[in-house]
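Inspection log for the structure reproduced underneath, given as structure tokens.
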Amino acid sequence: MIITLILLISGIAFFKLIFPKLGSISILPLALAISSAELYFINVILYLNTSLNYKCIALISLFILISQSLLVFYYQRTNFKHIYESIKTYIIRKPLIVLGAILFYVLLSYWTPYGWDAITLHDFRSNLILNRYSFNQMLELSSQDKFNPTYYLSYPPFIAFVHAFYYSLSSNPTNFHLFSHICVSLLVYLLLRSVIDNKFSSILGIIYFFNPIMIEHTGIGYTNLPYTYFYISLIYFIFISKYKLDIKNIFIIGLLTSVLKLIRYTDPFNIIPILIITFLVKDKIYSKTLKLLILLLFTHVLTLHWSNIIKMTNGSFLGENILSLIIKLYQNKSVIVAANLIFVQKLITHWLLILFTIPLAIYNLIINRKKLILLLSLNVLLVLFVTYIGTMLAIIQLPGRPEITDSLNRIFMFILPITWVILGSQLTFKNKNI
Amino acid sequence: MILLYLSAIPYLIEVFKYSGFVAKHFIVTSDLLTIIILIYIINKIIQNRLKLQVTGIYILYILISAFYLRYNYLEEINYPNFVYSQYHLNIQAIKNILDLFLKIIVLIEITKRFPKIISYYQVILKYIKDKYINVNIKLKESDKVLFKYKYIKYYKYLYIYSLIIIIITGFNWINNSISLFSSKQNTVLTYIVYFREDIDKNSYIKNLSLGGFYDPLRKFADKHLYDTLIIPNQNPEYSFEGNMPLIRSITFPMKIARSENINTSNINYYLYTCNWPSYNLGVCNTELLKQYNIGDLYDHNTVIEDISITDNLLFNSKKVAFIKL
């Protein structure tokens, strides 16, 4: 609890350093993403270049975060008394809501992560990090173990480092997952507030918070919930920055996209926001291409330490040439039929909500509504397109993989808040919104 | 107002009789009956705009939940199905009543706090009544800019379409998440029982899906480092005990081997479960375990070291220890 609060405050400080004009409420849901990304890169730099004990690294990074926030708040002269009194009055006025929130918190963050994949994959890797194993040693371990070699280095290390940070300071890493879910529901509220009525958007945000899939994932501790959080915070940041590509904006967009790559390496959905930027940003062609090239180079540099390791292992999904895969697809057409069937079946059984939003998204594309809704509806359609191709490729590369009951269910999870915002945005009567 | 309390009657009958009593005598199941009554009530509330007093339901909710917790506690202490055998009460039906009251409270609180919902609901009702006539959604004069666009005339249909989807999915989500929370409440209660009462702890901790499983193992792993551990092959019987990656993630620096691939030079620790290993372990049978005071399981005392087994061929002159789960 205390550590997540420190992360949130330091994130707000980091944001206020770069964008001093933005209000604190609109920053708050982005703060955890930015601060955890900062924490990860500090950790990795210290982990790869020094031979310090991990607890030492965690303490150094905590010190950096706290000192940064203190410095920023000291120079900007923020009124802590004002914030403190507002919280105090809220607790006195509405004690029942505060008590209920505490009860929810206790119920949801009691256990350490209990999902099977979480325990065996990234939570286990956090154990390795705490015992100070280098990446090369992990590779050696995976080569030694005959029975299951993929469990040492299959997922990227972002969530593992976050878990290790929490464990080393003797607290529970499900806090991170829970707060990321709260931040997503806040983001849903903020996105809806710019389109429809304030009260109705707050109701939709509350209903989104009680979404059972996400609440279950807070306890399980898979990588999918942080993935949704970072994805939607990226889209929200594009919306806040008013579709401009300054150096500051490029820095934060690059940071978030690289983190998306570091959470789930095989999911190529981090391309989609960059594709959408190319449509929506109004700029001269030369400057736009230059900026995009800078963005791509920046993300490439930030993810270099992981892509070097991926080259060493042969277990990566996109190890083969994609062209040869497509040729294989056209050779046996029965596979295509099977893939289509599986895709449609999964959509109907698990994601009826996405199916219902497709006509709305197409309608929003036909009449040019607000740019935000155009962005979201483009997102839904592109994600569907990419996953459709992905199931085709996966059926050849890893037969049996798309038939896993929960896999596609979890892959689609990050569109859920976007569909909720699109559905809610239809409830407008006001002129300014269209 | 009284109707709200009456909606709990089908469950209340089942509390004193048995689950499925209503379905047997009245054809309709109790869940469906309550839903029908609830829909009727909501319709009345919205049409008449009654100002409801929900304090009675709050008090009833607290009282019934206290009873519910008490009965659950009794069942945890004694044995499953204890309450039905002693007091002839169904616990599941009590839980259903609690869920129903929670739903009512949430619904009424939302309609109180956000009265705009009622007006949105009335729009839908109008649409259903005048199905074949164009609906005139009230627009301000400034909003008539909407009709500049060609396709904007379809907008109202999409409006109602999205509203219906939102209501249905929202109701579904809240309904499912309430049941999820109530399941978590039970696990916390079992933990309270575990801390307060001094009873047979094995059965309780096994119920807590994984949380109970890896606590003793982790304690064991903190004490003893750099050894091998043997586990049974994974079966439906030993789904957790035979799970190799899971146990390795808990007791990491140890090496883990299956009983198939026994390399006698590396054996130091042996994961001992209720029925496994089925083959003869020589001297180490249950009587020997009793000699070394392994009655208090799930403690540090469970691990025995320095037992030399002479009779067995497999573990000849090797140090073997047991962890019982």
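Naming works like this for the structure tokens: A, B, ... for the chains as they're shown, residue 1 at the start of each chain, ligands 1 onward in shown order.
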
Set the distance at 9 Å and use only C-alpha atoms: which residues neighbour B:Leu98 once local chain neighbours fewer than 4 positions away are removed? I'd like the list as a PyMOL selection string. chain B and resi 61+64-65+68+93-94+102-103

Within 6 Å of chain A, which residues of chain B show up when using only C-alpha atoms, listed as a list in words? Asp143, Tyr159, Ser162, Trp173, Ile174, Ser177, Pro245, Leu246 and Ser249 of chain B

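If you look at atom CA of B:Val106 and atom CA of B:Glu14, they are 24.2 Å away from each other.
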
With distances taken over only C-alpha atoms, the candidate from A:Ile27, A:Lys311, A:Ser67, A:Ser134 nearest A:Leu52 is A:Ser134

Nearest residue to A:Thr218 out of A:Tyr105, A:Tyr189, A:Phe251, A:Phe279, using only C-alpha atoms? A:Tyr105

Any idea what's packed within 10 Å of A:Ile25, counting only C-alpha atoms, ignoring anything in its chain fewer than 4 positions away? Could you give it as an mmCIF file with N, CA and C atoms, in the first residue's frame?
data_model
loop_
_atom_site.group_PDB
_atom_site.id
_atom_site.type_symbol
_atom_site.label_atom_id
_atom_site.label_comp_id
_atom_site.auth_asym_id
_atom_site.auth_seq_id
_atom_site.Cartn_x
_atom_site.Cartn_y
_atom_site.Cartn_z
ATOM 1 N N ILE A 12 3.376 11.352 -10.311
ATOM 2 C CA ILE A 12 2.793 12.692 -10.479
ATOM 3 C C ILE A 12 3.901 13.737 -10.560
ATOM 4 N N PRO A 29 -4.125 8.882 -13.072
ATOM 5 C CA PRO A 29 -4.109 7.505 -13.582
ATOM 6 C C PRO A 29 -2.883 7.160 -14.399
ATOM 7 N N LEU A 30 -2.193 8.174 -14.969
ATOM 8 C CA LEU A 30 -0.990 7.875 -15.742
ATOM 9 C C LEU A 30 0.235 7.711 -14.854
ATOM 10 N N LEU A 186 -10.458 4.696 -13.649
ATOM 11 C CA LEU A 186 -10.388 6.162 -13.639
ATOM 12 C C LEU A 186 -10.204 6.707 -15.054
ATOM 13 N N LEU A 190 -12.432 9.313 -17.142
ATOM 14 C CA LEU A 190 -11.914 10.562 -17.703
ATOM 15 C C LEU A 190 -12.157 10.650 -19.211
#

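Counting from atom CA of A:Gln345, the distance to atom CA of B:Phe171 is 24.1 Å.
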
Using only C-alpha atoms: which of B:Phe82, B:Tyr40, B:Tyr18, B:Tyr5 has the shortest distance to B:Phe101: B:Tyr5
